[in-house]
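final14.txt (compact mmCIF, C-alpha atoms) appears below.
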# COMPACT_ATOMS: atom_id res chain seq x y z
CA MET A 596 0.00 0.00 0.00
CA LYS A 597 2.88 2.33 0.85
CA LEU A 598 4.54 1.48 -2.46
CA LEU A 599 1.31 2.32 -4.27
CA ALA A 600 1.12 5.71 -2.50
CA LEU A 601 4.75 6.42 -3.37
CA ILE A 602 4.10 5.66 -7.03
CA ALA A 603 1.04 7.91 -7.02
CA VAL A 604 3.02 10.76 -5.44
CA LEU A 605 5.89 10.37 -7.91
CA MET A 606 3.54 10.28 -10.88
CA THR A 607 1.66 13.37 -9.70
CA GLY A 608 4.94 15.20 -9.15
CA ALA A 609 6.20 14.25 -12.59
CA LEU A 610 2.91 15.42 -14.11
CA LEU A 611 3.17 18.78 -12.33
CA LEU A 612 6.81 19.19 -13.40
CA TYR A 613 5.77 18.37 -16.97
CA GLY A 614 3.10 21.05 -16.70
CA THR A 615 5.65 23.74 -15.78
CA ILE A 616 7.34 23.34 -19.17
CA ASP A 617 4.47 25.19 -20.81
CA MET A 618 4.60 28.08 -18.35
CA PRO A 619 6.20 31.39 -19.45
CA ASP A 620 9.74 32.16 -18.33
CA TRP A 621 10.39 34.02 -15.08
CA GLY A 622 9.85 37.75 -15.73
CA ASP A 623 9.03 37.19 -19.40
CA PRO A 624 7.72 40.54 -20.75
CA HIS A 625 5.66 38.72 -23.41
CA SER A 626 3.79 36.42 -21.03
CA PRO A 627 -0.02 36.79 -21.13
CA ALA A 628 -0.11 38.39 -17.67
CA SER A 629 2.32 41.09 -18.77
CA ILE A 630 0.69 41.99 -22.09
CA HIS A 631 -2.99 41.65 -21.22
CA VAL A 632 -4.07 43.09 -17.85
CA SER A 633 -0.96 44.76 -16.40
CA PRO A 634 -0.63 47.58 -18.98
CA ARG A 635 -4.33 48.31 -18.71
CA TYR A 636 -4.14 48.69 -14.93
CA ILE A 637 -1.01 50.83 -15.12
CA GLU A 638 -2.47 53.15 -17.77
CA LYS A 639 -6.05 53.46 -16.54
CA THR A 640 -5.63 53.48 -12.74
CA MET A 641 -5.26 57.23 -12.42
CA GLU A 642 -8.21 58.16 -14.62
CA GLU A 643 -10.52 55.44 -13.32
CA THR A 644 -9.87 55.47 -9.58
CA ALA A 645 -7.82 58.64 -8.82
CA VAL A 646 -5.41 56.50 -6.80
CA PRO A 647 -1.72 57.03 -7.67
CA ASN A 648 -0.70 53.70 -6.11
CA VAL A 649 -1.46 50.92 -8.62
CA VAL A 650 -1.03 48.22 -5.99
CA THR A 651 -3.77 49.72 -3.82
CA SER A 652 -6.17 50.19 -6.71
CA VAL A 653 -5.70 46.61 -7.91
CA LEU A 654 -5.93 45.22 -4.38
CA ALA A 655 -8.99 47.12 -3.22
CA ASP A 656 -10.86 48.03 -6.39
CA TYR A 657 -10.18 45.79 -9.39
CA ARG A 658 -9.67 42.78 -7.12
CA GLY A 659 -12.05 43.83 -4.36
CA TYR A 660 -13.64 40.40 -4.04
CA ASP A 661 -10.24 38.84 -3.43
CA THR A 662 -9.46 41.26 -0.61
CA LEU A 663 -12.89 40.65 0.92
CA GLY A 664 -12.07 36.95 0.90
CA GLU A 665 -8.72 37.57 2.54
CA THR A 666 -10.37 39.57 5.29
CA VAL A 667 -12.87 36.76 5.82
CA VAL A 668 -9.96 34.30 6.09
CA ILE A 669 -8.33 36.41 8.82
CA PHE A 670 -11.66 36.76 10.62
CA THR A 671 -12.15 32.98 10.42
CA ALA A 672 -8.69 32.46 11.92
CA ALA A 673 -9.66 34.55 14.93
CA MET A 674 -12.94 32.71 15.34
CA ALA A 675 -11.18 29.33 15.10
CA CYS A 676 -8.65 30.42 17.74
CA ILE A 677 -11.45 31.55 20.04
CA LEU A 678 -13.35 28.28 19.59
CA LEU A 679 -10.29 26.06 20.06
CA ILE A 680 -8.25 27.82 22.74
CA ARG A 681 -10.43 30.18 24.75
CA ARG A 682 -11.97 28.70 27.87
CA PRO A 683 -15.33 30.03 29.01
CA ARG A 684 -15.28 31.95 32.25
CA LYS A 685 -16.96 30.23 35.17
CA MET B 313 5.03 31.55 30.62
CA ILE B 314 6.86 34.82 30.52
CA ALA B 315 8.11 35.97 33.92
CA HIS B 316 6.30 39.04 35.13
CA LEU B 317 8.56 41.92 36.02
CA GLU B 318 7.80 45.52 36.83
CA ASP B 319 10.57 47.30 34.96
CA ILE B 320 10.16 51.05 35.11
CA ILE B 321 12.39 51.67 32.08
CA ILE B 322 10.44 49.31 29.85
CA GLN B 323 7.11 50.60 31.08
CA THR B 324 8.02 54.27 30.63
CA VAL B 325 9.50 53.75 27.17
CA CYS B 326 6.44 51.79 26.06
CA ARG B 327 4.08 54.39 27.48
CA ILE B 328 5.83 57.08 25.44
CA LEU B 329 6.26 54.93 22.34
CA ILE B 330 2.82 53.36 21.98
CA PRO B 331 0.92 56.54 20.96
CA PHE B 332 3.45 57.21 18.22
CA ILE B 333 3.20 53.61 16.98
CA GLN B 334 -0.58 53.94 16.85
CA VAL B 335 -0.43 57.24 14.98
CA TYR B 336 1.98 55.60 12.53
CA GLY B 337 -0.47 52.71 12.10
CA LEU B 338 -3.27 55.14 11.30
CA TYR B 339 -0.96 56.92 8.87
CA VAL B 340 -0.15 53.66 7.08
CA ILE B 341 -3.87 52.89 6.72
CA ALA B 342 -4.87 56.37 5.57
CA HIS B 343 -1.87 56.92 3.29
CA GLY B 344 -2.18 53.58 1.47
CA HIS B 345 -3.30 55.45 -1.63
CA HIS B 346 0.02 57.20 -2.08
CA SER B 347 2.66 54.95 -0.53
CA PRO B 348 3.18 51.29 0.32
CA GLY B 349 0.74 50.31 3.00
CA GLY B 350 -2.95 49.82 3.49
CA GLY B 351 -5.38 48.07 5.74
CA PHE B 352 -3.43 44.89 6.39
CA GLN B 353 -0.12 46.55 7.24
CA GLY B 354 -1.63 49.36 9.28
CA GLY B 355 -3.85 46.94 11.18
CA VAL B 356 -0.85 44.80 12.07
CA ILE B 357 1.00 47.88 13.36
CA LEU B 358 -2.01 48.88 15.50
CA GLY B 359 -2.29 45.34 16.84
CA ALA B 360 1.45 45.23 17.59
CA SER B 361 1.19 48.42 19.64
CA PHE B 362 -1.42 46.75 21.83
CA ILE B 363 0.69 43.59 22.11
CA LEU B 364 3.60 45.78 23.24
CA LEU B 365 1.33 47.11 25.99
CA CYS B 366 0.52 43.52 27.03
CA VAL B 367 4.22 42.61 27.15
CA ALA B 368 5.36 45.72 29.01
CA TYR B 369 2.58 45.65 31.60
CA ASP B 370 0.37 42.57 31.82
CA ILE B 371 -2.81 41.28 30.25
CA ASN B 372 -5.11 42.62 32.95
CA GLU B 373 -3.76 46.14 32.49
CA ALA B 374 -4.13 45.83 28.73
CA LYS B 375 -7.65 44.45 29.03
CA ARG B 376 -8.72 47.53 30.97
CA ARG B 377 -8.01 49.48 27.77
CA LEU B 378 -9.73 47.03 25.41
CA ASN B 379 -11.64 44.06 26.80
CA GLU B 380 -12.08 40.91 24.78
CA LYS B 381 -15.78 41.45 24.19
CA LEU B 382 -15.13 44.78 22.46
CA ASP B 383 -12.20 43.18 20.63
CA THR B 384 -14.39 40.41 19.22
CA MET B 385 -16.90 43.05 18.17
CA PHE B 386 -14.13 44.90 16.33
CA CYS B 387 -13.31 41.64 14.51
CA SER B 388 -16.78 41.63 12.98
CA LEU B 389 -17.11 45.43 12.70
CA GLY B 390 -14.33 45.69 10.10
CA LEU B 391 -15.89 42.94 8.01
CA ILE B 392 -19.29 44.62 8.33
CA ILE B 393 -17.81 47.92 7.11
CA TYR B 394 -16.24 46.18 4.11
CA SER B 395 -19.28 44.20 3.04
CA GLY B 396 -21.57 47.09 4.01
CA ILE B 397 -19.85 49.38 1.53
CA GLY B 398 -20.32 46.64 -1.06
CA PHE B 399 -24.03 46.45 -0.28
CA VAL B 400 -24.42 50.23 -0.38
CA CYS B 401 -23.01 50.10 -3.93
CA LEU B 402 -25.52 47.34 -4.70
CA VAL B 403 -28.42 49.42 -3.33
CA LEU B 404 -27.32 52.44 -5.37
CA GLY B 405 -27.68 50.45 -8.58
CA GLY B 406 -24.16 49.21 -9.30
CA ASN B 407 -22.37 45.92 -8.96
CA TYR B 408 -21.22 44.67 -5.58
CA LEU B 409 -18.12 46.69 -4.53
CA ASN B 410 -18.44 49.06 -7.51
CA TYR B 411 -17.45 52.18 -5.58
CA SER B 412 -18.17 54.64 -8.38
CA ARG B 413 -21.85 54.39 -7.38
CA LEU B 414 -20.97 55.99 -4.06
CA GLY B 415 -20.79 59.28 -5.99
CA HIS B 416 -24.59 59.41 -5.73
CA ILE B 417 -24.50 59.90 -1.96
CA LEU B 418 -21.07 61.54 -1.56
CA PRO B 419 -20.42 65.07 -2.85
CA VAL B 420 -17.68 63.94 -5.28
CA ASP B 421 -17.52 62.72 -8.86
CA PRO B 422 -17.55 58.93 -9.52
CA VAL B 423 -13.77 58.72 -10.00
CA ASN B 424 -13.01 60.25 -6.62
CA ALA B 425 -15.83 58.19 -5.12
CA ARG B 426 -13.84 55.08 -6.02
CA SER B 427 -10.85 56.53 -4.18
CA LEU B 428 -13.02 57.15 -1.11
CA GLY B 429 -14.53 53.68 -1.37
CA ILE B 430 -11.04 52.19 -1.33
CA LEU B 431 -10.24 54.24 1.79
CA GLY B 432 -13.42 52.96 3.44
CA ILE B 433 -12.67 49.32 2.88
CA GLU B 434 -9.03 49.83 3.94
CA ILE B 435 -10.33 51.17 7.26
CA GLY B 436 -12.55 48.09 7.59
CA VAL B 437 -9.66 45.75 6.83
CA GLY B 438 -7.46 47.63 9.32
CA ILE B 439 -10.00 47.27 12.14
CA THR B 440 -10.45 43.55 11.50
CA VAL B 441 -6.72 42.82 11.25
CA MET B 442 -5.97 44.79 14.44
CA ALA B 443 -8.70 43.01 16.43
CA VAL B 444 -7.70 39.57 15.10
CA MET B 445 -4.04 40.11 16.03
CA ILE B 446 -5.02 41.13 19.56
CA SER B 447 -7.53 38.29 19.93
CA ILE B 448 -5.11 35.58 18.82
CA PHE B 449 -2.33 37.01 20.97
CA LEU B 450 -4.51 37.14 24.09
CA ASP B 451 -5.68 33.55 23.53
CA LEU B 452 -2.20 32.17 22.98
CA ALA B 453 -0.41 34.17 25.68
CA SER B 454 -2.83 33.26 28.44
CA ARG B 455 -3.65 29.70 27.36
CA GLY B 456 -7.23 30.69 26.74
CA LYS B 457 -7.82 31.97 30.28
CA HIS B 458 -7.61 35.70 30.01
CA GLU B 459 -7.11 36.24 33.73
CA GLU B 460 -3.55 35.19 34.30
CA GLY B 461 -1.53 35.66 31.15
CA LEU B 462 2.06 36.93 31.04
CA GLU B 463 2.54 36.78 34.78

Now, as a test, write the supplied structure out as structure tokens.
Amino acid sequence: MKLLALIAVLMTGALLLYGTIDMPDWGDPHSPASIHVSPRYIEKTMEETAVPNVVTSVLADYRGYDTLGETVVIFTAAMACILLIRRPRK
Amino acid sequence: MIAHLEDIIIQTVCRILIPFIQVYGLYVIAHGHHSPGGGFQGGVILGASFILLCVAYDINEAKRRLNEKLDTMFCSLGLIIYSGIGFVCLVLGGNYLNYSRLGHILPVDPVNARSLGILGIEIGVGITVMAVMISIFLDLASRGKHEEGLE
């Protein structure tokens, strides 16, 4: 059974490594992420949101759902800590 | 457990330092439009200032400033501010979190309304992150019993 699991892990790893061959090079200026959305954000941020910091406008405006999810994750961490660790007062 | 010691140097330095740390945290939240920073970073700085108070004094002293009930409320309050701004945009006829619709109720044009909407949700994120940092620290430092931590 252990041997079977090892084979499964190795095959999955080889498949993932094979998948990275198709990915664009590190910092490639012609990768889809660099030619499709990035220039649009950099050019339109100032006229669309009046925020000079592109990172903030992408984080909070264009990707607002993502940041909402991150906040929910942090909130959930606090709730999990309270449920697991905190002892009710007698 | 950390040994409790009444060190006058540490306590005085922290008493002087903590207001400046908190003002800096507010600056990082409010100035996220123009410089690196924002809700997450500023909230962590605000939470760290409170944790410094817990370490320099003890948990009971710190809890007189902010008890855990209020802290848990702050956890949810930030999230309510964030999603509330989203719902206000929805009510005003836009998509969820489309801040340009806030221009209908704020005296600014839609472009600047998006900037203000970003500021609003950064404040919400900052409140939640600060409260979560404090809550997790209090739970871990006192083993869940908030009476006798750090002593």

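Separating CA of Ile677 in chain A from CA of Cys387 in chain B is a distance of 11.7 Å.
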
Figure out the distance between CA of Ile446 in chain B and CA of Leu382 in chain B, please, to one decimal in Å.
11.1 Å

Could you please tell me, as a list in words, which residues of chain B have an atom within 6 Å of chain A when using all atoms listed in the file?
His345, His346, Val423, Asn424, Arg426, Ser427, Ile430, Val444, Asp451, Gly456 and Lys457 of chain B

Any idea what the distance is between CA of Ala600 in chain A and CA of Met618 in chain A?
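Atom-to-atom, CA of Ala600 in chain A to CA of Met618 in chain A, that is 27.6 Å.
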
Tyr394 in chain B surroundings by all atoms listed in the file, 8 Å radius, close-in-sequence under 3 positions cut, as JSON, numbers by chain:
{"A": [663], "B": [390, 391, 397, 398, 432, 433, 436, 437]}

With distances taken over only C-alpha atoms, the candidate from B:Leu418, B:Leu404, B:Ala368, B:Leu409 nearest Ile320 in chain B is B:Ala368
